[in-house]
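Dropping run39.cif in here (mmCIF, C-alpha atoms and all ligand atoms):
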data_work
loop_
_atom_site.label_atom_id
_atom_site.label_comp_id
_atom_site.auth_asym_id
_atom_site.auth_seq_id
_atom_site.Cartn_x
_atom_site.Cartn_y
_atom_site.Cartn_z
CA MET A 1 9.19 -9.59 -17.00
CA THR A 2 7.89 -12.85 -18.43
CA ASP A 3 4.30 -13.92 -18.08
CA THR A 4 4.99 -17.59 -17.51
CA THR A 5 4.72 -17.89 -13.72
CA ALA A 6 1.34 -17.74 -11.99
CA PRO A 7 0.78 -14.42 -10.28
CA VAL A 8 1.18 -14.59 -6.52
CA LEU A 9 -2.12 -12.78 -6.10
CA GLU A 10 -4.87 -12.19 -8.58
CA MET A 11 -8.37 -10.74 -8.63
CA LYS A 12 -10.81 -11.81 -11.31
CA ALA A 13 -13.90 -9.74 -12.03
CA VAL A 14 -14.35 -8.76 -8.41
CA ASP A 15 -17.36 -6.63 -7.46
CA LYS A 16 -17.88 -5.21 -4.00
CA SER A 17 -21.14 -3.66 -2.87
CA PHE A 18 -22.24 -2.47 0.53
CA GLY A 19 -25.99 -3.09 0.44
CA PRO A 20 -27.25 -1.05 -2.49
CA ILE A 21 -23.97 0.86 -2.89
CA ASP A 22 -21.71 -0.61 -5.60
CA VAL A 23 -18.14 0.40 -4.84
CA LEU A 24 -15.96 -1.93 -6.95
CA HIS A 25 -16.84 -3.07 -10.46
CA GLU A 26 -15.25 -6.02 -12.24
CA ILE A 27 -11.79 -5.55 -10.80
CA THR A 28 -9.23 -7.74 -12.51
CA LEU A 29 -5.60 -7.42 -11.51
CA LYS A 30 -2.56 -9.51 -10.81
CA VAL A 31 0.75 -9.09 -9.09
CA ARG A 32 3.79 -11.30 -9.47
CA ALA A 33 6.77 -12.04 -7.27
CA GLY A 34 9.43 -9.37 -7.60
CA GLU A 35 7.01 -6.88 -9.11
CA VAL A 36 5.45 -3.65 -7.87
CA LEU A 37 1.88 -2.97 -8.95
CA CYS A 38 0.92 0.66 -8.37
CA LEU A 39 -2.72 1.28 -7.80
CA LEU A 40 -3.50 4.89 -8.56
CA GLY A 41 -6.73 6.67 -7.94
CA ASP A 42 -8.21 9.85 -6.62
CA ASN A 43 -10.05 10.25 -3.32
CA GLY A 44 -13.06 7.99 -3.14
CA ALA A 45 -12.01 5.90 -6.15
CA GLY A 46 -12.23 2.70 -4.11
CA LYS A 47 -8.55 2.07 -3.33
CA SER A 48 -9.05 1.31 0.35
CA THR A 49 -12.07 -0.88 -0.37
CA LEU A 50 -9.97 -2.79 -2.89
CA ILE A 51 -7.11 -3.43 -0.49
CA LYS A 52 -9.50 -4.30 2.33
CA THR A 53 -10.95 -6.91 0.01
CA LEU A 54 -7.47 -8.22 -0.84
CA SER A 55 -6.51 -8.35 2.82
CA GLY A 56 -9.55 -10.22 4.07
CA VAL A 57 -11.42 -7.35 5.74
CA HIS A 58 -14.21 -7.43 3.13
CA LYS A 59 -15.51 -10.38 1.17
CA PRO A 60 -15.98 -9.87 -2.57
CA THR A 61 -19.65 -9.66 -3.54
CA ARG A 62 -18.86 -11.38 -6.84
CA GLY A 63 -15.76 -12.65 -8.60
CA GLU A 64 -12.78 -14.51 -7.23
CA MET A 65 -9.32 -14.14 -5.79
CA LEU A 66 -6.48 -16.50 -6.50
CA MET A 67 -3.13 -17.11 -4.86
CA ASP A 68 -0.54 -18.98 -6.93
CA GLY A 69 -3.34 -19.68 -9.39
CA LYS A 70 -5.64 -21.31 -6.81
CA PRO A 71 -8.92 -19.75 -5.62
CA VAL A 72 -8.81 -18.44 -2.05
CA THR A 73 -11.37 -17.00 0.34
CA PHE A 74 -10.51 -15.29 3.59
CA SER A 75 -12.90 -15.13 6.50
CA GLY A 76 -10.93 -12.28 8.04
CA PRO A 77 -7.63 -10.36 8.00
CA LYS A 78 -5.90 -13.02 10.13
CA GLU A 79 -6.49 -15.62 7.44
CA ALA A 80 -5.14 -13.34 4.72
CA GLN A 81 -2.11 -12.67 6.90
CA ALA A 82 -1.55 -16.37 7.47
CA ALA A 83 -1.62 -16.82 3.70
CA GLY A 84 1.22 -14.31 3.41
CA ILE A 85 -0.61 -11.07 2.65
CA ALA A 86 0.76 -8.22 4.79
CA THR A 87 -0.91 -4.83 4.75
CA VAL A 88 0.89 -1.72 5.95
CA HIS A 89 -1.34 1.27 6.56
CA GLN A 90 -0.50 4.90 6.23
CA PHE A 91 1.10 5.30 9.63
CA GLY A 92 2.85 1.99 9.50
CA GLY A 93 0.73 0.24 12.11
CA THR A 94 3.28 0.84 14.83
CA TYR A 95 2.44 1.79 18.41
CA PRO A 96 4.20 4.98 19.49
CA LEU A 97 4.48 4.05 23.17
CA MET A 98 6.06 0.69 22.45
CA SER A 99 9.69 0.02 21.67
CA VAL A 100 11.10 -0.94 18.29
CA GLY A 101 11.60 -4.51 19.52
CA ARG A 102 8.03 -4.77 20.87
CA ASN A 103 6.53 -3.30 17.73
CA PHE A 104 8.52 -5.64 15.55
CA PHE A 105 7.20 -8.70 17.31
CA ILE A 106 3.68 -7.66 18.12
CA GLY A 107 1.67 -10.86 18.58
CA GLN A 108 4.67 -13.07 17.77
CA GLU A 109 7.01 -12.31 20.65
CA PRO A 110 9.91 -14.63 21.36
CA THR A 111 9.73 -15.88 24.92
CA LYS A 112 12.14 -17.47 27.33
CA GLY A 113 11.42 -19.77 30.23
CA TRP A 114 8.82 -22.47 30.31
CA GLY A 115 5.04 -22.90 30.66
CA PRO A 116 3.53 -20.33 33.04
CA PHE A 117 7.00 -18.86 33.63
CA LYS A 118 7.44 -17.81 30.02
CA ILE A 119 8.43 -14.18 29.62
CA PHE A 120 9.00 -11.90 26.69
CA ASP A 121 12.65 -12.16 25.66
CA ARG A 122 13.42 -8.49 25.26
CA HIS A 123 17.08 -8.88 24.37
CA LYS A 124 16.39 -11.43 21.71
CA ALA A 125 13.49 -9.42 20.26
CA ASN A 126 15.57 -6.25 20.17
CA ALA A 127 18.55 -7.96 18.55
CA ILE A 128 16.41 -9.54 15.82
CA ALA A 129 14.40 -6.36 15.19
CA VAL A 130 17.46 -4.12 14.94
CA GLU A 131 19.23 -6.56 12.65
CA ALA A 132 16.19 -6.87 10.40
CA VAL A 133 15.69 -3.11 10.04
CA GLN A 134 19.41 -2.54 9.52
CA ASN A 135 19.38 -5.14 6.76
CA PHE A 136 16.85 -2.94 5.06
CA GLY A 137 19.27 -0.05 5.21
CA ILE A 138 17.59 1.70 8.15
CA THR A 139 20.89 2.25 9.86
CA ARG A 140 19.69 4.97 12.21
CA ILE A 141 17.80 2.48 14.34
CA THR A 142 20.40 0.87 16.57
CA ASP A 143 18.54 0.50 19.86
CA GLY A 144 15.60 -1.91 20.07
CA ASP A 145 14.42 -0.24 23.29
CA ARG A 146 13.76 3.04 21.50
CA LEU A 147 10.08 4.02 21.43
CA CYS A 148 8.45 4.06 18.01
CA GLY A 149 6.87 7.42 18.80
CA GLY A 150 10.32 8.95 18.50
CA LEU A 151 10.94 7.59 15.00
CA SER A 152 10.24 9.56 11.86
CA GLY A 153 7.20 8.66 9.74
CA GLY A 154 9.52 7.12 7.15
CA GLU A 155 11.32 5.05 9.75
CA ARG A 156 8.01 3.75 11.14
CA GLN A 157 6.88 2.74 7.65
CA SER A 158 10.22 1.10 7.00
CA LEU A 159 10.00 -0.80 10.29
CA ALA A 160 6.54 -2.08 9.36
CA ILE A 161 7.79 -3.22 5.94
CA ALA A 162 10.88 -4.92 7.41
CA ARG A 163 8.61 -6.68 9.91
CA ALA A 164 6.29 -7.97 7.19
CA VAL A 165 9.23 -9.31 5.20
CA HIS A 166 10.81 -10.88 8.28
CA PHE A 167 7.63 -12.81 9.07
CA GLY A 168 7.45 -14.28 5.61
CA ALA A 169 4.94 -12.08 3.77
CA ARG A 170 4.72 -12.87 0.07
CA VAL A 171 2.42 -10.01 -0.81
CA LEU A 172 3.03 -6.58 0.63
CA ILE A 173 0.17 -4.10 0.37
CA LEU A 174 1.08 -0.50 1.14
CA ASP A 175 -1.78 1.95 1.51
CA GLU A 176 -0.45 5.42 0.75
CA PRO A 177 2.82 4.87 2.61
CA THR A 178 4.33 8.14 1.37
CA ALA A 179 1.28 10.40 1.58
CA ALA A 180 2.22 12.08 4.86
CA LEU A 181 5.97 12.16 4.30
CA GLY A 182 8.39 14.83 3.18
CA VAL A 183 10.53 14.36 0.07
CA LYS A 184 13.52 12.76 1.81
CA GLN A 185 11.47 10.40 3.93
CA ALA A 186 9.33 9.39 0.97
CA ALA A 187 12.48 8.61 -1.01
CA HIS A 188 13.63 6.41 1.85
CA VAL A 189 10.36 4.46 1.91
CA LEU A 190 10.47 4.11 -1.88
CA ARG A 191 13.96 2.60 -1.58
CA ILE A 192 12.65 0.10 0.96
CA VAL A 193 9.81 -0.79 -1.41
CA GLY A 194 12.47 -1.45 -4.07
CA GLU A 195 14.31 -3.66 -1.60
CA ALA A 196 11.15 -5.67 -0.85
CA ARG A 197 10.72 -6.21 -4.60
CA ARG A 198 14.36 -7.29 -4.93
CA ARG A 199 13.70 -9.89 -2.25
CA GLY A 200 10.95 -11.33 -4.39
CA LEU A 201 7.82 -9.97 -2.74
CA ALA A 202 4.80 -9.08 -4.80
CA VAL A 203 4.09 -5.48 -3.86
CA ILE A 204 0.86 -3.52 -4.27
CA PHE A 205 1.57 0.15 -3.76
CA ILE A 206 -1.41 2.47 -3.39
CA THR A 207 -0.87 6.14 -3.96
CA HIS A 208 -2.20 9.21 -5.63
CA GLN A 209 1.27 10.66 -6.08
CA VAL A 210 2.22 9.89 -9.66
CA MET A 211 5.92 10.62 -9.13
CA HIS A 212 6.14 8.11 -6.28
CA ALA A 213 4.38 5.50 -8.37
CA MET A 214 6.68 6.08 -11.33
CA ALA A 215 9.76 5.76 -9.11
CA VAL A 216 8.99 2.17 -8.09
CA GLY A 217 6.22 0.75 -10.29
CA ASP A 218 6.57 -2.05 -12.83
CA HIS A 219 2.87 -2.15 -13.55
CA PHE A 220 0.15 0.44 -13.03
CA ALA A 221 -3.61 0.37 -12.68
CA VAL A 222 -5.75 3.49 -12.43
CA LEU A 223 -8.95 3.19 -10.47
CA ILE A 224 -11.79 5.56 -11.29
CA ARG A 225 -15.16 5.30 -9.53
CA GLY A 226 -14.45 1.71 -8.55
CA ALA A 227 -13.37 0.41 -11.95
CA ILE A 228 -9.95 -0.08 -13.53
CA ALA A 229 -9.87 2.68 -16.12
CA ALA A 230 -6.37 1.97 -17.40
CA ASP A 231 -3.78 -0.71 -16.96
CA PHE A 232 -0.25 -0.31 -18.34
CA ARG A 233 3.39 -1.17 -17.76
CA LYS A 234 6.41 0.94 -16.92
CA GLY A 235 7.42 3.24 -19.74
CA GLU A 236 4.11 3.03 -21.59
CA LYS A 237 2.72 6.35 -20.34
CA SER A 238 4.18 9.69 -19.37
CA ARG A 239 3.67 11.40 -16.05
CA GLU A 240 1.23 13.87 -17.66
CA GLU A 241 -0.79 11.08 -19.24
CA ILE A 242 -1.07 9.28 -15.90
CA ALA A 243 -2.11 12.47 -14.08
CA ASP A 244 -4.75 13.09 -16.76
CA LEU A 245 -6.06 9.56 -16.43
CA MET A 246 -6.38 9.95 -12.68
CA ALA A 247 -8.30 13.17 -13.17
CA GLY A 248 -10.82 11.15 -15.16
CA GLY A 249 -9.67 12.07 -18.64
CA GLU A 250 -9.73 15.81 -17.98
CA SER A 251 -6.39 17.23 -19.06
CA MET A 252 -4.62 18.65 -16.02
CA ALA A 253 -2.60 20.93 -18.27
CA ASP A 254 -5.82 22.42 -19.73
CA LEU A 255 -7.29 22.76 -16.25
CA GLU A 256 -4.20 24.55 -14.94
CA ALA A 257 -4.15 26.87 -17.94
CA SER A 258 -7.82 27.78 -17.48
CA ILE A 259 -7.33 28.47 -13.75
CA GLU A 260 -4.27 30.62 -14.48
CA GLY A 261 -6.19 32.49 -17.19
CA TYR A 262 -9.01 33.24 -14.73
CA MET A 263 -6.55 34.39 -12.06
CA ASP A 264 -4.81 36.75 -14.53
CA THR A 265 -8.07 38.55 -15.23
CA HIS A 266 -9.54 38.36 -11.69
CA ASP A 267 -6.90 39.96 -9.50
CA GLY A 268 -5.28 36.65 -8.62
CA HIS A 269 -8.50 35.06 -7.31
CA VAL A 270 -9.19 31.41 -8.09
CA PRO A 271 -12.40 30.56 -9.98
CA PRO A 272 -15.46 29.62 -7.89
CA PRO A 273 -16.35 25.91 -7.95
CA ALA A 274 -18.43 24.79 -10.92
CA GLY A 275 -22.10 23.92 -10.53
N1 LIG A 301 -18.60 0.33 4.34
C1 LIG A 301 -19.03 1.13 3.36
N2 LIG A 301 -20.34 1.33 3.15
C2 LIG A 301 -20.79 2.14 2.16
N3 LIG A 301 -19.97 2.78 1.32
C3 LIG A 301 -18.66 2.64 1.46
C4 LIG A 301 -18.10 1.81 2.49
N4 LIG A 301 -16.76 1.86 2.39
C5 LIG A 301 -16.48 2.68 1.37
N5 LIG A 301 -17.61 3.16 0.80
C6 LIG A 301 -17.72 4.08 -0.33
O1 LIG A 301 -16.90 3.60 -1.38
C7 LIG A 301 -16.27 4.66 -2.08
C8 LIG A 301 -14.78 4.40 -2.16
O2 LIG A 301 -14.21 4.53 -0.87
P1 LIG A 301 -12.69 4.15 -0.55
O3 LIG A 301 -12.45 4.47 0.88
O4 LIG A 301 -12.42 2.78 -1.00
O5 LIG A 301 -11.92 5.21 -1.48
P2 LIG A 301 -10.36 5.55 -1.58
O6 LIG A 301 -10.00 5.43 -3.01
O7 LIG A 301 -9.61 4.76 -0.60
O8 LIG A 301 -10.34 7.09 -1.18
P3 LIG A 301 -9.23 7.95 -0.38
O9 LIG A 301 -8.18 8.32 -1.38
O10 LIG A 301 -10.02 9.14 0.06
O11 LIG A 301 -8.71 7.13 0.75
C9 LIG A 301 -16.64 5.93 -1.33
O12 LIG A 301 -17.66 6.58 -2.04
C10 LIG A 301 -17.10 5.42 0.01
O13 LIG A 301 -18.08 6.28 0.55
MG MG A 302 -8.41 5.24 1.06
#
Would you write the structure of this file as C-alpha cells?
Ligand SMILES: Nc1ncnc2c1ncn2[C@@H]1O[C@H](COP(=O)(O)OP(=O)(O)OP(=O)(O)O)[C@@H](O)[C@H]1O
Ligand SMILES: [Mg+2]
Amino acid sequence: MTDTTAPVLEMKAVDKSFGPIDVLHEITLKVRAGEVLCLLGDNGAGKSTLIKTLSGVHKPTRGEMLMDGKPVTFSGPKEAQAAGIATVHQFGGTYPLMSVGRNFFIGQEPTKGWGPFKIFDRHKANAIAVEAVQNFGITRITDGDRLCGGLSGGERQSLAIARAVHFGARVLILDEPTAALGVKQAAHVLRIVGEARRRGLAVIFITHQVMHAMAVGDHFAVLIRGAIAADFRKGEKSREEIADLMAGGESMADLEASIEGYMDTHDGHVPPPAG
C-alpha cells in the first residue's frame, strides 16, 4: 500500500494519564482507508485505554489526534461518532431483548407519520437492516423481528459491524471482537472485517490472538505497558516472533519448554508462580 494519502486517523505522541497513573506513553499510530491495523497487547497493556482515547471517551493528556491530516479533539463519544469513528465492543453493543431491526437503528430509527404522530417504521427498519446484514454475507438473518438475544455471538458482532458501515463510519474500531467466539464464529467475524476493509474503511482491530490478527492485518502494533514496543507490516514477522513480542521479549518457546521440563520431573505438576 502506498504512503501518499493522508491516514484517515492518526495519533501523534499521545500520552494518557489518570492523575498520577501514566497509562499510555507517546503513542504514535496511523490507519488508512482500506487497511486493517491490528493492535496487539496482553492484559493491562493499555489497549482499551487507547481505543477509548480514539473514540472520544478519554481526552489525551498530551499529544494530538488527526483525521485526514487535520487535528481533531472530541468532547465525548458522540462527537467521535459524528466524525465517523465507530467502536464495536466485545459483545457487539446489541441489546438482546430488542429485534434485529431495532438494534440496527438504535437512536436513528426511521419514522413514518408526521410531528407528534410520528412512529417507528418497523417494516422499513427491518427491510433495511436485513438487506444490510445480508450484503455482508450474514445470510442466516432473514427476519428483522428476530431478537438479538437469539443470535450467535458472531452474528451479533457482524450485525454491529454492518450497522457501523451502513451509517457511514470511516473508522471501525473493534475491541476484541473474536475473544469470546469459537473457531467458526471467529472466522465469520474475520471475514466481515475483511469486507469492511474492502469497502474502504480504516479498521483498528484489537486482539491478543495472534492468529486472528495475522488473518486480517495489514499493519501491526504491539502495545506493552502502554507503549508501542513494535510496529511492522504484514509478512515482516512470524507468528512466533509476534507471540514473543507480546510476552515482552520472553521467548514463548523457551517458556513452554521450561514448563514441560518441570512437569516431566514433577509428576505432571506445573511450576509454582515465580517470586
Ligand atoms: N480510569 C483509570 N484510572 C486509573 N487507571 C486506569 C484507568 N483505566 C485504566 N487504567 C489502568 O491502565 C492500565 C491499562 O488498562 P487497559 O484497560 O487499557 O488495558 P487492556 O490492554 O485493555 O487490558 P485487557 O486486555 O485486560 O482488556 C491498567 O493497569 C489499568 O489499571
Ligand atoms: Mg481491554
Step by step, measure atom-to-atom distances between ligand LIG 301 (chain A) and each residue using only C-alpha atoms and all ligand atoms, keep those at most 6 Å, then write them as a list in words. Phe18, Val23, Asp42, Asn43, Gly44, Ala45, Gly46, Lys47, Ser48 and Thr49 of chain A
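Atom to atom, CA of Gly235 (chain A) and CA of Val31 (chain A) stand 17.6 Å apart.
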Cys148 (chain A) surroundings by only C-alpha atoms, 12 Å radius, close-in-sequence under 2 positions cut, as a PyMOL selection string: chain A and resi 91-104+141+143-146+150-160
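Residues in contact with region 197-205 of chain A at up to 7 Å, not including ones fewer than 5 positions away on its chain and judged by all atoms listed in the file, are A:Val8, A:Val31, A:Arg32, A:Ala33, A:Gly34, A:Glu35, A:Val36, A:Leu37, A:Cys38, A:Leu39, A:Arg170, A:Val171, A:Leu172, A:Ile173, A:Leu174, A:Asp175.
Proximity ranking of A:Ile21, A:Ala215, A:Leu245, A:Ile51 relative to ligand MG 302 (chain A) places A:Ile51 first, based on all atoms listed in the file.
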As lines of an AutoDock Vina configuration file, what would the box around region 21-30 of chain A look like: edges along x, y and z, 5 Å added on every side, centre and edge lengths in Å to one decimal?
center_x = -13.3
center_y = -4.3
center_z = -7.7
size_x = 31.4
size_y = 20.4
size_z = 19.6
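For the set A:Val72, A:Ala169, A:Ala164, A:Met65, the residue with the smallest atom-to-atom gap to Gly84 (chain A) is A:Ala169, counting only C-alpha atoms.
Ranking A:Val210, A:Ala187, A:Leu50, A:Met246 by their shortest atom-to-atom distance to ligand MG 302 (chain A), with all atoms listed in the file included, puts A:Leu50 first.
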Near-Met67 (chain A) list (6 Å; only C-alpha atoms; drop same-chain fewer than 2 positions) as an MDAnalysis selection string: chainID A and resid 8:9 69:70
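Here CA of Pro20 (chain A) stands at a distance of 21.1 Å from CA of Leu54 (chain A).
With CA of Pro177 (chain A) on one side and CA of Lys234 (chain A) on the other, the separation reads 20.2 Å.
With only C-alpha atoms and all ligand atoms as the basis for measurement, A:Gly41 is the residue among A:Gly261, A:Gly41, A:Gly194, A:Pro271 that approaches ligand MG 302 (chain A) most closely.
In this comparison, which uses all atoms listed in the file, the residue of A:Arg233, A:Lys16, A:Lys78, A:Arg122 approaching Gly217 (chain A) most closely is A:Arg233.
In terms of minimum interatomic distance to Ile128 (chain A), A:His166 ranks closest within A:His166, A:Lys30, A:His269, A:His212, counting only C-alpha atoms.
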